[in-house]
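Q: This one is work_0.txt, compact mmCIF, C-alpha atoms.
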# COMPACT_ATOMS: atom_id res chain seq x y z
CA MET E 1 10.84 48.94 14.59
CA GLY E 2 12.40 46.85 11.84
CA LEU E 3 10.24 44.50 9.86
CA LEU E 4 12.02 41.41 11.12
CA GLU E 5 11.77 42.51 14.74
CA TYR E 6 8.09 43.27 14.24
CA LEU E 7 7.48 39.86 12.73
CA THR E 8 9.23 37.99 15.52
CA ALA E 9 7.61 40.12 18.24
CA THR E 10 4.08 39.58 16.92
CA SER E 11 4.52 36.02 15.73
CA MET E 12 1.71 34.83 17.96
CA ASP E 13 -1.68 36.27 17.14
CA GLY E 14 -2.32 39.18 19.48
CA ASP E 15 -5.91 38.03 19.86
CA TYR E 16 -4.91 35.27 22.28
CA ALA E 17 -3.45 37.87 24.67
CA HIS E 18 -6.45 40.18 24.22
CA VAL E 19 -8.97 37.45 24.93
CA ALA E 20 -7.02 36.16 27.91
CA GLU E 21 -6.81 39.66 29.32
CA ARG E 22 -10.52 40.27 28.83
CA ARG E 23 -11.38 36.96 30.43
CA GLU E 24 -9.16 37.68 33.38
CA ARG E 25 -10.82 41.05 33.86
CA ALA E 26 -14.26 39.46 33.67
CA SER E 27 -13.43 36.73 36.15
CA ARG E 28 -11.91 39.26 38.55
CA ARG E 29 -15.15 41.26 38.37
CA GLU E 30 -17.21 38.18 39.14
CA SER E 31 -15.17 36.86 42.03
CA PRO E 32 -12.81 39.44 43.44
CA ASP E 33 -11.03 36.74 45.45
CA GLY E 34 -9.23 35.93 42.25
CA GLU E 35 -10.06 32.66 40.59
CA PRO E 36 -6.92 31.38 38.88
CA SER E 37 -7.00 32.66 35.34
CA GLY E 38 -5.90 30.59 32.39
CA ALA E 39 -8.32 27.78 33.11
CA LYS E 40 -9.02 26.14 29.76
CA PRO E 41 -12.34 27.46 28.59
CA GLY E 42 -14.53 25.95 25.89
CA SER E 43 -15.08 22.34 25.01
CA GLY E 44 -12.20 22.28 22.52
CA LEU E 45 -14.42 20.61 19.95
CA ALA E 46 -14.11 23.45 17.45
CA ALA E 47 -10.33 23.39 17.79
CA LEU E 48 -10.38 19.64 17.27
CA VAL E 49 -12.41 19.98 14.10
CA VAL E 50 -10.09 22.67 12.77
CA LEU E 51 -7.06 20.49 13.56
CA GLY E 52 -8.72 17.65 11.69
CA LEU E 53 -9.26 20.04 8.82
CA PHE E 54 -5.57 20.94 8.96
CA GLY E 55 -4.61 17.27 8.76
CA LEU E 56 -6.93 16.83 5.81
CA LEU E 57 -5.37 19.84 4.11
CA VAL E 58 -1.82 18.56 4.62
CA ALA E 59 -2.68 15.05 3.40
CA THR E 60 -4.46 16.43 0.34
CA ALA E 61 -1.59 18.75 -0.54
CA ALA E 62 0.94 15.93 -0.17
CA LEU E 63 -1.18 13.54 -2.25
CA GLN E 64 -1.71 16.16 -4.92
CA THR E 65 2.02 16.90 -5.14
CA SER E 66 2.97 13.23 -5.46
CA ARG E 67 0.20 12.67 -8.00
CA ASN E 68 1.45 15.61 -10.06
CA ALA E 69 5.01 14.29 -9.90
CA ALA E 70 3.85 10.90 -11.16
CA GLU E 71 1.96 12.57 -13.99
CA GLU E 72 5.03 14.57 -14.95
CA ALA E 73 7.19 11.45 -14.97
CA ASP E 74 4.58 9.74 -17.14
CA GLY E 75 4.65 12.61 -19.59
CA ARG E 76 8.42 12.53 -19.74
CA ASP E 77 8.45 8.77 -20.38
CA GLN E 78 5.92 9.20 -23.16
CA LEU E 79 8.01 11.93 -24.74
CA ILE E 80 11.11 9.75 -24.59
CA THR E 81 9.28 6.85 -26.27
CA GLN E 82 7.99 9.21 -28.92
CA ILE E 83 11.45 10.60 -29.56
CA GLU E 84 12.89 7.10 -29.88
CA ALA E 85 10.16 6.01 -32.26
CA ARG E 86 10.56 9.10 -34.40
CA SER E 87 14.33 8.83 -34.62
CA ALA E 88 14.01 5.18 -35.64
CA GLN E 89 11.62 6.35 -38.35
CA VAL E 90 14.10 9.02 -39.46
CA ASP E 91 16.87 6.43 -39.56
CA ALA E 92 14.76 4.13 -41.73
CA LEU E 93 13.90 6.97 -44.09
CA ARG E 94 17.55 8.02 -44.25
CA GLY E 95 18.52 4.47 -45.16
CA ARG E 96 15.87 4.43 -47.89
CA ALA E 97 17.07 7.76 -49.24
CA GLU E 98 20.60 6.40 -49.27
CA SER E 99 19.68 3.28 -51.24
CA LEU E 100 17.56 5.32 -53.66
CA ARG E 101 20.46 7.69 -54.21
CA GLU E 102 22.74 4.76 -54.97
CA GLU E 103 20.18 3.46 -57.43
CA VAL E 104 19.96 6.84 -59.15
CA ASP E 105 23.77 6.97 -59.34
CA GLN E 106 23.87 3.52 -60.87
CA VAL E 107 21.24 4.33 -63.48
CA GLN E 108 22.98 7.62 -64.26
CA THR E 109 26.34 5.89 -64.72
CA ASP E 110 24.83 3.20 -66.92
CA TYR E 111 23.17 5.82 -69.08
CA LEU E 112 26.27 8.00 -69.39
CA GLU E 113 28.67 5.16 -70.07
CA ALA E 114 26.73 4.41 -73.26
CA THR E 115 28.23 7.34 -75.19
CA THR E 116 31.70 8.90 -75.47
CA ARG E 117 30.47 12.31 -74.41
CA GLY E 118 28.60 10.61 -71.63
CA ARG E 119 31.77 8.90 -70.44
CA GLN E 120 33.53 12.26 -70.23
CA LEU E 121 30.65 13.64 -68.26
CA SER E 122 30.69 10.61 -66.03
CA THR E 123 34.36 11.11 -65.16
CA ARG E 124 33.73 14.78 -64.43
CA LEU E 125 30.73 13.85 -62.32
CA SER E 126 32.60 11.37 -60.18
CA ARG E 127 35.40 13.89 -59.61
CA LEU E 128 32.87 16.52 -58.61
CA SER E 129 30.98 14.20 -56.33
CA VAL E 130 34.13 13.66 -54.28
CA THR E 131 34.50 17.37 -53.61
CA THR E 132 30.81 17.99 -53.02
CA GLY E 133 30.45 14.98 -50.77
CA ALA E 134 27.87 13.36 -53.02
CA ALA E 135 29.75 10.09 -53.11
CA ALA E 136 31.41 7.97 -50.46
CA VAL E 137 35.20 8.16 -50.68
CA THR E 138 38.16 6.09 -49.54
CA GLY E 139 41.78 6.98 -49.19
CA PRO E 140 44.61 7.51 -46.73
CA GLY E 141 44.32 10.18 -44.10
CA VAL E 142 44.29 10.96 -40.41
CA LYS E 143 41.94 9.94 -37.66
CA VAL E 144 41.42 12.42 -34.82
CA VAL E 145 39.68 11.42 -31.61
CA VAL E 146 38.77 14.18 -29.15
CA ASP E 147 36.94 13.99 -25.85
CA ASP E 148 36.04 16.11 -22.83
CA ASN E 149 38.37 16.37 -19.88
CA PRO E 150 37.53 13.18 -17.88
CA ASN E 151 36.96 15.30 -14.73
CA ALA E 152 35.30 18.18 -16.52
CA THR E 153 33.64 20.70 -14.20
CA SER E 154 33.09 23.65 -16.50
CA ASP E 155 32.20 24.38 -20.10
CA SER E 156 35.80 25.18 -20.98
CA GLU E 157 36.78 21.61 -20.11
CA THR E 158 34.23 20.06 -22.47
CA VAL E 159 34.33 19.94 -26.24
CA LEU E 160 31.88 22.47 -27.70
CA ASP E 161 30.62 22.99 -31.22
CA LYS E 162 33.05 25.85 -31.80
CA ASP E 163 35.97 23.65 -30.75
CA LEU E 164 34.97 21.03 -33.30
CA GLN E 165 34.51 23.78 -35.90
CA LYS E 166 38.06 25.02 -35.24
CA LEU E 167 39.37 21.48 -35.48
CA VAL E 168 37.60 20.81 -38.77
CA ASN E 169 38.70 24.13 -40.25
CA ALA E 170 42.28 23.39 -39.23
CA LEU E 171 42.03 20.03 -40.99
CA TRP E 172 40.72 21.68 -44.17
CA LEU E 173 43.60 24.15 -43.96
CA SER E 174 46.12 21.36 -43.57
CA GLY E 175 45.03 19.81 -46.82
CA ALA E 176 42.12 17.49 -46.06
CA GLU E 177 40.08 16.57 -49.12
CA ALA E 178 37.12 15.03 -47.32
CA ILE E 179 36.13 15.12 -43.66
CA SER E 180 33.53 13.31 -41.60
CA VAL E 181 32.63 13.84 -37.96
CA ASP E 182 31.25 10.75 -36.21
CA GLY E 183 30.18 9.29 -39.54
CA GLN E 184 28.64 12.52 -40.83
CA ARG E 185 30.32 13.71 -44.00
CA LEU E 186 30.88 17.44 -44.12
CA ASN E 187 30.37 19.45 -47.28
CA SER E 188 29.67 23.11 -47.92
CA LEU E 189 26.10 22.62 -46.65
CA GLY E 190 27.13 20.78 -43.50
CA ALA E 191 27.01 22.39 -40.09
CA ILE E 192 28.36 21.72 -36.62
CA ARG E 193 26.05 23.24 -34.05
CA GLN E 194 25.36 23.16 -30.36
CA ALA E 195 21.87 22.07 -29.36
CA GLY E 196 21.61 22.35 -25.61
CA THR E 197 24.35 20.16 -24.21
CA ALA E 198 24.67 18.03 -27.33
CA ILE E 199 26.51 18.77 -30.54
CA THR E 200 24.75 18.14 -33.82
CA VAL E 201 26.47 17.57 -37.15
CA ASN E 202 24.27 17.89 -40.24
CA GLY E 203 21.31 17.92 -37.87
CA ARG E 204 22.19 14.64 -36.12
CA SER E 205 23.25 14.65 -32.50
CA ILE E 206 26.56 13.06 -31.69
CA SER E 207 28.12 12.29 -28.34
CA PRO E 208 31.71 12.20 -27.07
CA PRO E 209 34.24 10.87 -27.83
CA TYR E 210 34.14 12.50 -31.25
CA THR E 211 35.91 10.78 -34.13
CA ILE E 212 36.95 12.97 -37.04
CA LEU E 213 38.18 11.28 -40.19
CA ALA E 214 40.02 13.35 -42.78
CA ILE E 215 41.28 12.05 -46.11
CA GLY E 216 44.46 13.69 -47.38
CA ASN E 217 48.22 13.38 -47.35
CA ARG E 218 48.63 11.44 -44.15
CA ASN E 219 52.32 12.22 -43.76
CA ALA E 220 52.07 15.96 -44.25
CA MET E 221 48.74 16.67 -42.56
CA PRO E 222 49.77 16.30 -38.90
CA ALA E 223 52.68 18.70 -39.34
CA ARG E 224 50.56 21.23 -41.22
CA PHE E 225 47.80 20.88 -38.69
CA VAL E 226 50.05 22.08 -35.88
CA GLU E 227 50.96 25.13 -37.93
CA THR E 228 47.36 26.28 -38.38
CA ARG E 229 45.76 28.54 -35.86
CA GLY E 230 43.04 26.01 -35.03
CA GLY E 231 45.65 23.31 -34.54
CA ALA E 232 47.64 25.49 -32.15
CA THR E 233 44.43 26.29 -30.26
CA TRP E 234 43.71 22.60 -29.87
CA LEU E 235 47.18 21.90 -28.52
CA ASP E 236 46.47 24.70 -26.05
CA TYR E 237 43.17 23.08 -25.07
CA GLN E 238 44.99 19.83 -24.53
CA SER E 239 47.60 21.29 -22.20
CA THR E 240 45.50 23.94 -20.45
CA TYR E 241 42.04 22.37 -20.09
CA GLY E 242 42.93 18.70 -20.32
CA LEU E 243 40.76 17.98 -23.36
CA GLU E 244 41.70 14.65 -24.85
CA PHE E 245 43.14 14.75 -28.36
CA THR E 246 44.80 12.01 -30.37
CA MET E 247 45.73 12.07 -34.03
CA THR E 248 46.76 8.91 -35.84
CA SER E 249 47.57 8.47 -39.49
CA GLU E 250 45.58 5.76 -41.23
CA GLU E 251 46.35 3.85 -44.38
CA SER E 252 42.79 3.59 -45.58
CA LEU E 253 39.70 5.45 -44.45
CA ARG E 254 36.19 5.20 -45.79
CA LEU E 255 33.92 8.23 -45.55
CA PRO E 256 30.19 8.03 -46.29
CA ALA E 257 28.37 10.38 -48.64
CA ALA E 258 26.91 13.56 -47.22
CA ASN E 259 23.18 13.53 -46.57
CA GLN E 260 22.59 17.12 -47.60
CA LEU E 261 23.01 17.81 -51.28
CA THR E 262 19.92 19.67 -52.36
CA LEU E 263 20.51 23.26 -53.37
CA ARG E 264 17.31 25.22 -52.97
CA HIS E 265 18.40 28.68 -54.10
CA ALA E 266 21.62 28.46 -56.10
CA HIS E 267 21.36 27.79 -59.87
CA VAL E 268 23.85 27.56 -62.72
CA PRO E 269 23.54 30.69 -64.89
CA ASP E 270 22.39 29.93 -68.46
CA LYS E 271 25.58 31.00 -70.26
CA ARG E 272 25.38 28.51 -73.10
CA ARG E 273 22.53 30.24 -74.79
CA MET F 1 -3.17 14.50 23.25
CA ILE F 2 -6.71 14.86 21.96
CA ALA F 3 -5.47 17.55 19.58
CA GLY F 4 -2.95 15.10 18.14
CA LEU F 5 -5.77 12.61 17.69
CA GLY F 6 -7.77 15.17 15.73
CA LEU F 7 -4.78 15.80 13.50
CA LEU F 8 -4.30 12.07 12.94
CA VAL F 9 -7.96 11.56 12.09
CA GLY F 10 -7.73 14.41 9.56
CA ILE F 11 -4.64 12.95 7.89
CA ILE F 12 -6.13 9.45 7.73
CA LEU F 13 -9.35 10.87 6.36
CA GLY F 14 -7.38 12.67 3.66
CA LEU F 15 -5.47 9.52 2.75
CA ILE F 16 -8.63 7.42 2.57
CA LEU F 17 -10.89 9.88 0.79
CA GLN F 18 -8.18 11.25 -1.52
CA PRO F 19 -10.28 14.28 -2.40
CA ASP F 20 -9.83 15.60 -5.91
CA VAL F 21 -8.61 19.17 -5.83
CA PRO F 22 -10.16 21.25 -8.60
CA LEU F 23 -7.59 22.64 -10.98
CA TRP F 24 -8.21 26.29 -10.13
CA LEU F 25 -7.63 25.60 -6.44
CA GLU F 26 -4.39 23.69 -6.92
CA PRO F 27 -1.96 26.64 -6.82
CA TYR F 28 -3.39 27.84 -3.51
CA LEU F 29 -3.08 24.53 -1.70
CA PRO F 30 0.60 24.76 -0.68
CA ILE F 31 0.28 28.35 0.51
CA ALA F 32 -2.87 27.41 2.45
CA VAL F 33 -0.92 24.62 4.15
CA VAL F 34 1.84 27.03 5.18
CA ALA F 35 -0.71 29.54 6.49
CA ALA F 36 -2.49 26.79 8.43
CA LEU F 37 0.83 25.63 9.84
CA ASP F 38 1.43 29.16 11.12
CA ALA F 39 -1.98 29.21 12.82
CA VAL F 40 -1.38 25.79 14.39
CA PHE F 41 2.03 26.72 15.79
CA GLY F 42 0.63 30.01 17.08
CA ALA F 43 -2.12 28.05 18.82
CA LEU F 44 0.37 25.60 20.32
CA ARG F 45 2.40 28.48 21.69
CA ALA F 46 -0.72 30.10 23.14
CA PHE F 47 -1.68 26.77 24.68
CA LEU F 48 1.70 26.49 26.39
CA ASP F 49 1.44 30.12 27.48
CA GLY F 50 -1.88 29.18 29.06
CA ILE F 51 -3.90 31.66 27.04
CA PHE F 52 -5.26 29.33 24.38
CA ASP F 53 -8.75 30.10 23.21
CA ASP F 54 -10.92 27.96 20.96
CA LYS F 55 -12.60 30.77 19.14
CA VAL F 56 -9.41 32.70 18.47
CA PHE F 57 -7.76 29.56 17.06
CA VAL F 58 -10.64 28.75 14.72
CA ILE F 59 -10.85 32.33 13.48
CA SER F 60 -7.09 32.73 13.07
CA PHE F 61 -6.87 29.41 11.21
CA ILE F 62 -9.61 30.19 8.75
CA SER F 63 -8.63 33.81 8.21
CA ASN F 64 -4.96 32.85 7.74
CA VAL F 65 -5.80 30.30 5.07
CA LEU F 66 -8.26 32.57 3.30
CA ILE F 67 -6.04 35.64 3.34
CA ALA F 68 -2.97 33.73 2.15
CA ALA F 69 -4.98 32.25 -0.71
CA LEU F 70 -6.52 35.62 -1.48
CA ILE F 71 -3.14 37.36 -1.65
CA VAL F 72 -1.81 34.74 -4.05
CA TYR F 73 -5.00 34.90 -6.10
CA LEU F 74 -4.69 38.67 -6.33
CA GLY F 75 -1.03 38.31 -7.25
CA ASP F 76 -1.91 35.84 -9.99
CA LYS F 77 -4.40 38.29 -11.42
CA LEU F 78 -1.82 41.09 -11.30
CA GLY F 79 0.91 38.90 -12.78
CA VAL F 80 3.08 38.91 -9.65
CA GLY F 81 1.73 35.65 -8.16
CA GLY F 82 5.17 34.09 -7.78
CA GLN F 83 6.65 37.08 -5.99
CA LEU F 84 3.67 37.48 -3.68
CA SER F 85 3.73 33.78 -2.79
CA THR F 86 7.40 34.16 -1.93
CA GLY F 87 6.58 37.16 0.25
CA VAL F 88 3.78 35.33 2.04
CA ILE F 89 5.94 32.26 2.61
CA VAL F 90 8.81 34.36 3.98
CA VAL F 91 6.58 36.20 6.44
CA LEU F 92 4.78 33.05 7.56
CA GLY F 93 8.07 31.18 7.74
CA ILE F 94 9.57 33.76 10.08
CA ARG F 95 6.47 33.62 12.26
CA ILE F 96 6.57 29.84 12.37
CA PHE F 97 10.23 29.88 13.34
CA SER F 98 9.79 32.35 16.17
CA ASN F 99 6.70 30.52 17.43
CA VAL F 100 8.58 27.24 17.40
CA ALA F 101 11.42 28.93 19.28
CA ALA F 102 8.95 30.06 21.97
CA ILE F 103 7.45 26.55 22.14
CA ARG F 104 10.93 25.11 22.50
CA ARG F 105 11.62 27.46 25.40
CA HIS F 106 8.44 26.26 27.06
CA ILE F 107 9.16 22.59 26.65
CA PHE F 108 12.87 22.50 27.43
CA HIS F 109 12.98 25.61 29.60
CA ALA F 110 15.99 26.75 27.70
Could you write out this structure as structure tokens?
A:
Amino acid sequence: MGLLEYLTATSMDGDYAHVAERRERASRRESPDGEPSGAKPGSGLAALVVLGLFGLLVATAALQTSRNAAEEADGRDQLITQIEARSAQVDALRGRAESLREEVDQVQTDYLEATTRGRQLSTRLSRLSVTTGAAAVTGPGVKVVVDDNPNATSDSETVLDKDLQKLVNALWLSGAEAISVDGQRLNSLGAIRQAGTAITVNGRSISPPYTILAIGNRNAMPARFVETRGGATWLDYQSTYGLEFTMTSEESLRLPAANQLTLRHAHVPDKRR
Amino acid sequence: MIAGLGLLVGIILGLILQPDVPLWLEPYLPIAVVAALDAVFGALRAFLDGIFDDKVFVISFISNVLIAALIVYLGDKLGVGGQLSTGVIVVLGIRIFSNVAAIRRHIFHA
């Protein structure tokens, strides 16, 4: 017999049948005329108590489940408040770091401007800080806005970290001199990563639509962009998956300084000695 | 009728008293409820069949609850608690369904 058939055939406890049979036999022995079997025996008090117990069990289980759900919701709310408080703290600290960095820059410039050699160094420094992302920059360039397919149902219809990486690499290839993604300046230490469903740039989460600013030759960049592999891929995304993509050329863009500048392992070799 | 009253009294008692379930007992509560449900439906079917017996019901109720909890407890100790709970629920679920089907036949004669 199959397991399922067995289960359905013996779904009622066999004991009921056994007891009924035994009782019938006993009653037949006592009065052979045949008293109608199946008369409800027992007071039913025990059954009543057990049913009450069952009700108690069900109520307790239900209460416990709802109580647990409330506790979980509480925990989640607390976590959310904590996250918000911490990110506000991080923002404040970032702002302080920013102002301190500006102060340091100012002091450095003042100090260097005092001597001829210092002035040379100062010029070199400001040129370098544009390429390393240490300073905010302005200039003409292109503004790219990308977004998920409005009726996205799958991952391929949403913008992922690797899509943004391709886009940014294509912009570098087409001659961009400085790039920022949603206000995060990219330099050689910057990173675009996926964290769950969100994309983080330089460790900060950003949300669609994504705005990418790139400073460079604003007339040549769009044409060169299409010629790069990443650019072609993005045009593909646009036509095949319905990702939204617009590129406009802008007369003047302002990009902030990058927030990651500290080199922990790389050093300049001491060649002057 | 009286049975329904007993059930109601139990539920109200539970809602009023709100007993605190000790933490170690918490995982066995849902499975105990399902096992008890199986015993109750079996009893209802026996009642409609005219072979209901007090003693059998009480014993089947208590043993069902205890054995279901014991199986899950054992599974937890062996590290297969989730799978064993699923197994117990499937078996009890099938029994409940076929009992309810029999009860339905009794009530609606269909």
Q: Compute the chain E side of the contact with chain F at 8 Å, counting all atoms listed in the file, and hand it back as an MDAnalysis selection string.
A: chainID E and resid 7:8 10:13 15:17 19:20 38:42 44 46:61 63:64
Q: Do you know which residues are at most 6 Å from E:Gly216 counting only C-alpha atoms, after dropping those on the same chain fewer than 6 positions away, and could you put them as an NGL selection string?
A: :E and (141 or 176-177)
Q: In Å, rounded to a single decimal, give me how far atom CA of E:Arg94 is from atom CA of E:His267.
A: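 A separation of 25.5 Å between them.
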Q: Record the distance separating atom CA of E:Ala258 and atom CA of E:Ser180, expressed in Å with one decimal.
A: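 Pair atom CA of E:Ala258 / atom CA of E:Ser180 returns 8.7 Å.
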Q: I need the residue nearest F:Leu66 from this list: F:Val80, F:Val90, F:Leu25, F:Ile103. Use all atoms listed in the file for the distance.
A: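 Of the candidates, the smallest distance to F:Leu66 is held by F:Leu25.
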Q: Write out as a PyMOL selection string which residues come within 12 Å of E:Val130 when counting only C-alpha atoms, dropping same-chain ones fewer than 6 positions away.
A: chain E and resi 123-124+136-139+177-179+185-187+215+255-258
Q: Counting all atoms listed in the file, which of F:Pro22, F:Leu48, F:Thr86, F:Phe108 gets nearest to F:Ile71?
A: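 Between F:Pro22, F:Leu48, F:Thr86, F:Phe108, the residue approaching F:Ile71 most closely is F:Thr86.
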Q: Could you work out how far atom CA of E:Leu243 lies from atom CA of E:Asp155, giving the answer in Å with one decimal?
A: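 Going from atom CA of E:Asp155 over to atom CA of E:Leu243, I get 11.2 Å.
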Q: Any idea what's packed within 12 Å of E:Leu160, counting only C-alpha atoms, ignoring anything in its chain fewer than 6 positions away? Could you give it as a PyMOL selection string?
A: chain E and resi 146-149+154+166-167+192-201+206-210+237+243
Q: Could you give me, as a VMD selection string, the residues within 10 Å of E:Glu102, counting all atoms listed in the file and dropping anything in the same chain fewer than 6 positions from it?
A: chain E and resid 96 108 135
Q: Write the residues of the selection above to a file with C-alpha atoms, as a PDB file, in the frame of the given file.
A:
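Dumped everything to result.pdb:
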ATOM      1  CA  ARG E  96      15.870   4.430 -47.890  1.00  0.00           C
ATOM      2  CA  GLN E 108      22.980   7.620 -64.260  1.00  0.00           C
ATOM      3  CA  ALA E 135      29.750  10.090 -53.110  1.00  0.00           C
TER       4      ALA E 135
END
